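A.B. asks: To be precise about what I am sending: the file is called final35.tsv and holds TSV, C-alpha atoms and all ligand atoms.
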chain	number	residue	atom	x	y	z
A	189	MET	CA	27.99	-39.46	75.91
A	190	THR	CA	27.76	-42.75	73.99
A	191	LEU	CA	27.53	-42.55	70.22
A	192	SER	CA	24.20	-43.90	69.13
A	193	GLY	CA	24.56	-47.14	67.16
A	194	PHE	CA	28.14	-47.78	68.30
A	195	VAL	CA	29.78	-49.58	71.22
A	196	ALA	CA	31.89	-47.26	73.37
A	197	VAL	CA	35.37	-48.74	73.94
A	198	GLU	CA	37.20	-48.09	77.19
A	199	PRO	CA	40.87	-46.93	77.02
A	200	ALA	CA	42.08	-50.45	77.90
A	201	GLY	CA	40.61	-51.65	74.60
A	202	TRP	CA	41.92	-48.92	72.28
A	203	ASP	CA	45.18	-50.65	71.37
A	204	ALA	CA	43.40	-53.85	70.36
A	205	LEU	CA	40.78	-51.87	68.43
A	206	PHE	CA	43.47	-50.22	66.30
A	207	ALA	CA	44.54	-53.42	64.58
A	208	PRO	CA	46.21	-54.30	62.37
A	209	SER	CA	48.93	-51.72	62.89
A	210	SER	CA	50.88	-51.31	59.64
A	211	LEU	CA	53.07	-53.18	57.12
A	212	LEU	CA	54.85	-56.09	58.80
A	213	SER	CA	58.62	-55.69	58.40
A	214	VAL	CA	61.84	-56.83	59.97
A	215	ILE	CA	64.35	-54.03	60.60
A	216	THR	CA	68.02	-54.95	60.28
A	217	THR	CA	70.68	-52.75	61.86
A	218	LEU	CA	74.32	-52.99	62.95
A	219	ASP	CA	75.69	-52.12	66.36
A	220	THR	CA	78.82	-50.00	66.78
A	221	GLU	CA	80.94	-53.17	66.57
A	222	GLY	CA	79.35	-54.16	63.26
A	223	ARG	CA	77.22	-56.98	64.65
A	224	VAL	CA	73.92	-57.71	62.88
A	225	ASN	CA	70.63	-57.19	64.68
A	226	ALA	CA	67.09	-57.86	63.45
A	227	ALA	CA	63.73	-56.99	65.00
A	228	PRO	CA	60.21	-57.66	63.71
A	229	ILE	CA	58.34	-54.36	63.57
A	230	GLY	CA	54.60	-54.12	63.10
A	231	THR	CA	54.51	-50.33	62.94
A	232	CYS	CA	56.41	-49.62	59.72
A	233	THR	CA	54.69	-47.15	57.40
A	234	ARG	CA	55.62	-45.19	54.31
A	235	VAL	CA	55.17	-41.56	55.33
A	236	CYS	CA	56.32	-39.62	52.24
A	237	HIS	CA	56.08	-40.33	48.50
A	238	ALA	CA	58.96	-38.22	47.22
A	239	PRO	CA	61.50	-38.70	48.58
A	240	VAL	CA	60.22	-42.04	49.82
A	241	CYS	CA	60.47	-42.11	53.60
A	242	VAL	CA	59.41	-44.77	56.05
A	243	ALA	CA	58.71	-44.54	59.76
A	244	PHE	CA	58.44	-46.97	62.64
A	245	THR	CA	58.44	-46.87	66.41
A	246	VAL	CA	60.61	-48.98	68.66
A	247	GLY	CA	60.85	-49.43	72.40
A	248	ALA	CA	63.56	-47.34	74.10
A	249	ASN	CA	65.31	-50.32	75.64
A	250	LYS	CA	65.71	-52.34	72.46
A	251	ASP	CA	68.81	-53.07	70.43
A	252	THR	CA	67.23	-51.48	67.36
A	253	TYR	CA	66.81	-48.24	69.31
A	254	HIS	CA	70.51	-48.11	70.23
A	255	ASN	CA	71.68	-49.16	66.76
A	256	VAL	CA	69.55	-46.66	64.85
A	257	LEU	CA	70.72	-43.81	67.08
A	258	SER	CA	74.38	-44.77	66.97
A	259	THR	CA	74.75	-45.73	63.28
A	260	GLY	CA	72.00	-43.78	61.48
A	261	GLU	CA	71.12	-46.62	59.10
A	262	PHE	CA	68.62	-49.46	58.84
A	263	VAL	CA	67.03	-51.78	56.30
A	264	VAL	CA	63.31	-52.51	56.11
A	265	ASN	CA	62.85	-56.14	55.02
A	266	VAL	CA	59.29	-57.06	54.02
A	267	PRO	CA	58.22	-60.71	54.40
A	268	SER	CA	55.30	-62.44	52.68
A	269	LEU	CA	52.31	-63.94	54.43
A	270	GLU	CA	53.74	-67.49	54.45
A	271	ARG	CA	53.56	-69.67	57.53
A	272	ALA	CA	57.19	-70.82	57.47
A	273	LEU	CA	58.45	-67.25	57.17
A	274	LEU	CA	56.08	-65.88	59.80
A	275	GLU	CA	57.21	-68.51	62.28
A	276	LYS	CA	60.73	-67.20	61.82
A	277	VAL	CA	59.59	-63.57	62.05
A	278	SER	CA	57.90	-64.41	65.32
A	279	MET	CA	61.04	-66.13	66.66
A	280	MET	CA	63.12	-63.06	65.79
A	281	GLY	CA	60.93	-61.13	68.23
A	282	VAL	CA	62.37	-63.06	71.18
A	283	GLU	CA	64.58	-60.77	73.27
A	284	TYR	CA	68.00	-62.21	72.51
A	285	ALA	CA	71.23	-60.77	73.90
A	286	PRO	CA	72.50	-57.77	71.87
A	287	GLU	CA	75.32	-59.78	70.28
A	288	VAL	CA	72.93	-62.41	68.82
A	289	ASN	CA	72.29	-62.18	65.08
A	290	GLU	CA	68.55	-62.95	65.01
A	291	VAL	CA	68.59	-63.62	61.26
A	292	SER	CA	70.99	-66.56	61.44
A	293	GLN	CA	69.55	-67.55	64.83
A	294	VAL	CA	66.23	-68.47	63.13
A	295	GLY	CA	67.87	-70.03	60.06
A	296	LEU	CA	67.57	-67.14	57.61
A	297	THR	CA	70.34	-65.57	55.53
A	298	THR	CA	71.85	-62.09	55.33
A	299	LEU	CA	73.22	-60.53	52.15
A	300	ALA	CA	75.16	-57.28	51.86
A	301	ALA	CA	72.97	-54.29	51.06
A	302	SER	CA	73.93	-51.97	48.20
A	303	ARG	CA	74.11	-48.53	49.89
A	304	VAL	CA	74.02	-49.02	53.67
A	305	ALA	CA	76.01	-51.14	56.09
A	306	PRO	CA	73.20	-53.24	57.63
A	307	PRO	CA	72.44	-56.35	55.54
A	308	ILE	CA	69.21	-57.44	53.88
A	309	ILE	CA	67.37	-60.68	54.68
A	310	ALA	CA	67.70	-62.81	51.53
A	311	GLU	CA	64.49	-64.82	51.98
A	312	PHE	CA	62.29	-61.70	52.10
A	313	GLY	CA	61.02	-60.28	48.83
A	314	ARG	CA	61.34	-56.49	49.26
A	315	HIS	CA	64.11	-54.44	50.87
A	316	PHE	CA	64.39	-50.72	51.56
A	317	GLU	CA	67.80	-49.40	52.57
A	318	CYS	CA	67.38	-46.30	54.73
A	319	GLU	CA	69.35	-43.45	56.23
A	320	VAL	CA	67.87	-41.95	59.37
A	321	LEU	CA	66.35	-38.52	58.67
A	322	TRP	CA	65.11	-37.75	62.16
A	323	THR	CA	64.16	-39.46	65.39
A	324	LYS	CA	61.99	-38.35	68.26
A	325	GLU	CA	62.02	-39.85	71.72
A	326	TRP	CA	58.80	-39.67	73.58
A	327	MET	CA	57.50	-41.61	76.57
A	328	HIS	CA	59.23	-45.00	76.36
A	329	ARG	CA	59.60	-45.11	72.59
A	330	LEU	CA	61.63	-43.80	69.67
A	331	MET	CA	59.95	-42.65	66.47
A	332	VAL	CA	62.28	-43.18	63.54
A	333	VAL	CA	61.90	-41.68	60.07
A	334	GLY	CA	64.30	-42.87	57.41
A	335	ARG	CA	64.86	-41.83	53.84
A	336	VAL	CA	65.06	-44.73	51.39
A	337	VAL	CA	68.40	-44.59	49.53
A	338	ALA	CA	68.08	-47.92	47.68
A	339	ALA	CA	65.40	-50.56	47.22
A	340	ALA	CA	65.29	-54.01	45.65
A	341	VAL	CA	62.61	-56.59	44.95
A	342	ARG	CA	62.55	-60.25	43.93
A	343	PRO	CA	61.84	-60.14	40.20
A	344	ASP	CA	58.68	-62.25	40.37
A	345	LEU	CA	57.06	-59.81	42.81
A	346	ILE	CA	56.96	-56.81	40.49
A	347	GLY	CA	55.31	-56.27	37.12
A	348	PRO	CA	56.72	-54.47	34.07
A	349	ASP	CA	54.75	-51.35	35.12
A	350	GLY	CA	56.70	-51.11	38.40
A	351	ARG	CA	53.74	-52.14	40.49
A	352	ILE	CA	53.62	-54.99	42.99
A	353	VAL	CA	52.13	-58.35	41.99
A	354	TRP	CA	50.05	-58.60	45.16
A	355	ASP	CA	49.17	-62.30	45.02
A	356	ARG	CA	52.87	-63.18	44.93
A	357	ALA	CA	54.25	-60.51	47.27
A	358	ARG	CA	51.49	-61.25	49.83
A	359	PRO	CA	52.34	-58.45	52.31
A	360	ALA	CA	51.14	-58.93	55.88
A	361	HIS	CA	49.98	-56.97	58.89
A	362	TYR	CA	50.69	-57.86	62.50
A	363	CYS	CA	47.64	-57.56	64.73
A	364	GLY	CA	49.48	-56.89	68.01
A	365	VAL	CA	49.84	-58.71	71.29
A	366	ALA	CA	46.11	-58.61	71.98
A	367	TYR	CA	45.67	-61.15	69.15
A	368	GLY	CA	48.58	-63.43	69.99
A	369	ASN	CA	50.62	-64.53	67.00
A	370	ARG	CA	48.08	-63.42	64.43
A	371	TYR	CA	49.00	-62.00	61.04
A	372	VAL	CA	46.50	-60.91	58.41
A	373	ALA	CA	46.75	-60.38	54.68
A	374	ALA	CA	47.46	-56.91	53.37
A	375	TYR	CA	46.85	-57.73	49.72
A	376	GLU	CA	43.18	-58.47	49.07
A	377	GLN	CA	42.06	-56.07	46.40
A	378	ILE	CA	39.02	-54.10	45.43
A	379	VAL	CA	39.59	-51.93	42.38
A	380	ILE	CA	37.24	-48.96	42.18
A	381	GLU	CA	36.93	-46.36	39.48
A	382	SER	CA	39.35	-43.62	40.45
A	383	PRO	CA	38.30	-39.97	40.48
A	384	PHE	CA	41.97	-39.06	39.87
A	385	PRO	CA	43.95	-39.47	36.65
A	386	GLN	CA	45.87	-42.76	36.61
A	387	ARG	CA	49.60	-42.23	36.85
A	388	PRO	CA	52.56	-44.58	36.93
A	389	PRO	CA	54.42	-45.13	40.20
A	390	PHE	CA	56.99	-42.49	41.18
A	391	GLY	CA	60.35	-43.30	39.67
A	392	SER	CA	59.14	-46.00	37.32
A	393	LYS	CA	60.53	-46.02	33.78
A	394	SER	CA	57.20	-44.84	32.43
A	395	GLY	CA	56.85	-42.20	35.17
B	1	LIG	C1	55.38	-59.37	64.59
B	1	LIG	C2	56.01	-58.49	65.62
B	1	LIG	C3	55.90	-57.12	65.51
B	1	LIG	C4	56.53	-56.27	66.44
B	1	LIG	N1	56.43	-54.92	66.30
B	1	LIG	C5	57.14	-54.09	67.12
B	1	LIG	C6	57.14	-52.67	66.94
B	1	LIG	O1	56.52	-52.15	66.01
B	1	LIG	N2	57.88	-51.92	67.79
B	1	LIG	C7	58.61	-52.49	68.81
B	1	LIG	O2	59.28	-51.77	69.57
B	1	LIG	N3	58.62	-53.83	69.02
B	1	LIG	C8	57.92	-54.64	68.18
B	1	LIG	N4	57.94	-56.00	68.36
B	1	LIG	C9	58.78	-56.55	69.44
B	1	LIG	C10	60.26	-56.57	69.04
B	1	LIG	O3	60.46	-57.19	67.79
B	1	LIG	C11	61.05	-57.34	70.12
B	1	LIG	O4	60.96	-56.63	71.34
B	1	LIG	C12	62.49	-57.56	69.73
B	1	LIG	O5	63.09	-58.39	70.71
B	1	LIG	C13	63.30	-56.28	69.66
B	1	LIG	O6	64.56	-56.63	69.17
B	1	LIG	P1	65.88	-55.82	69.40
B	1	LIG	O7	66.07	-55.67	70.91
B	1	LIG	O8	66.92	-56.68	68.78
B	1	LIG	O9	65.72	-54.48	68.73
B	1	LIG	C14	57.28	-56.84	67.49
B	1	LIG	C15	57.39	-58.24	67.60
B	1	LIG	C16	56.76	-59.06	66.66
B	1	LIG	C17	56.90	-60.54	66.78
Mind converting the file's structure to structure tokens?
Ligand SMILES: Cc1cc2nc3c(=O)[nH]c(=O)nc-3n(C[C@H](O)[C@H](O)[C@H](O)COP(=O)(O)O)c2cc1C
C.D. replies:
Amino acid sequence: MTLSGFVAVEPAGWDALFAPSSLLSVITTLDTEGRVNAAPIGTCTRVCHAPVCVAFTVGANKDTYHNVLSTGEFVVNVPSLERALLEKVSMMGVEYAPEVNEVSQVGLTTLAASRVAPPIIAEFGRHFECEVLWTKEWMHRLMVVGRVVAAAVRPDLIGPDGRIVWDRARPAHYCGVAYGNRYVAAYEQIVIESPFPQRPPFGSKSG
């Protein structure tokens, strides 16, 4: 039965219809020999407020898959919607050999993280250091849920109330292969009157 007033979409079109996917991030990990790996991930999502946990899915053949399972740590690095950065994000998605450090390969810089062994990407504005809470393999993918154990932000991207300055942070979504190399803004705002009491962000000084 076709829904009146809507266009029925065949299964082949479902992936493209569910776009954009989530917050664009680059996941940094280490392999068992301590070598840095980085992979752009379009599927990263915060899945719990307290404790803050993030999830993503990664293909079962990828370096990130092996590194997450063998080391139990990763960093979520969040880039801004800036052409020069996105060109580098896109280049990091090329399937390099496992020993290649994709961050330096595309001309970006790593810095030591504060609580976990994988490094952060210095040119990105927000970083979430994570310990793996659980993983689930299904079909040809691995679902990863990590607990954030430390986070840092470039000072100009956050206000005194602990909230993001959206027009500077300029988070992005990835639209998926159906749209080629297309990224869209995740920061346009509409503020509506909230039916809930306003409260400060979890963990902020005023919270
Ligand atoms: C913007 C962008 C988003 C991507 N999102 C994902 C994703 O969510 N999951 C995934 O498995 N691969 C994703 N990919 C593909 C991986 O980044 C790519 O296969 C990469 O080579 C994997 O790196 P690794 O083998 O070092 O882990 C994405 C690629 C790009 C460019």
A.B. asks: At a cut-off of 8 Å around ligand LIG 1 (chain B), and using all atoms listed in the file, what residues come up? Please write them as a ChimeraX atom specification.
C.D. replies: /A:212-214,225-232,244-253,277-286,290,329,362-364,369,371
A.B. asks: What does the distance between atom CA of A:Trp322 and atom CA of A:Glu261 come to in Å, to one decimal place?
C.D. replies: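 Going from atom CA of A:Trp322 over to atom CA of A:Glu261 covers 11.1 Å.
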A.B. asks: Record the distance separating atom CA of A:Glu319 and atom CA of A:Asn289, expressed in Å with one decimal.
C.D. replies: 20.9 Å
A.B. asks: Using only C-alpha atoms, which residue out of A:Ser209, A:Thr259, A:Gln293, A:Thr298 lies closest to A:Thr233?
C.D. replies: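 Of A:Ser209, A:Thr259, A:Gln293, A:Thr298, the one nearest A:Thr233 is A:Ser209, counting only C-alpha atoms.
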A.B. asks: Using only C-alpha atoms, which protein or nucleic acid residues come within 12 Å of A:Ser302? Drop anything in the same chain fewer than 5 positions from it, and give the result as a list in words.
C.D. replies: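 Near neighbours after the sequence-gap exclusion: Val263, Pro307, Ile308, His315, Phe316, Glu317, Cys318, Val336, Val337, Ala338, Ala339 and Ala340 of chain A.
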A.B. asks: Compare A:Arg387, A:Leu345, A:Arg314, A:Pro306 by their minimum atom-to-atom distance to A:Arg223, counting only C-alpha atoms, and give me the closest one.
C.D. replies: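 Under the stated criterion, the closest residue is A:Pro306.
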A.B. asks: Atom CA of A:Met327 and atom CA of A:Ala200 are how many Å apart?
C.D. replies: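 We find that atom CA of A:Met327 and atom CA of A:Ala200 lie 17.8 Å from each other.
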A.B. asks: Counting only C-alpha atoms, figure out which residue out of A:Leu211, A:Val333, A:Ala357, A:Leu299 gets nearest to A:Val224.
C.D. replies: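 When distances to A:Val224 are compared using only C-alpha atoms, the smallest one comes from A:Leu299.
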A.B. asks: Determine the axis-aligned bounding box of all atoms of stretch 362-367 of chain A present in the file, pad each side by 4 Å, and express its centre and edge lengths in Å to one decimal place as AutoDock Vina command-line options.
C.D. replies:
--center_x 48.2 --center_y -59.0 --center_z 67.2 --size_x 13.0 --size_y 12.3 --size_z 17.5
A.B. asks: Looking at all atoms listed in the file, which of A:Phe312, A:Phe262, A:Phe384, A:Tyr375 is the one that sits closest to A:Arg342?
C.D. replies: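 Closest to A:Arg342, using all atoms listed in the file: A:Phe312.
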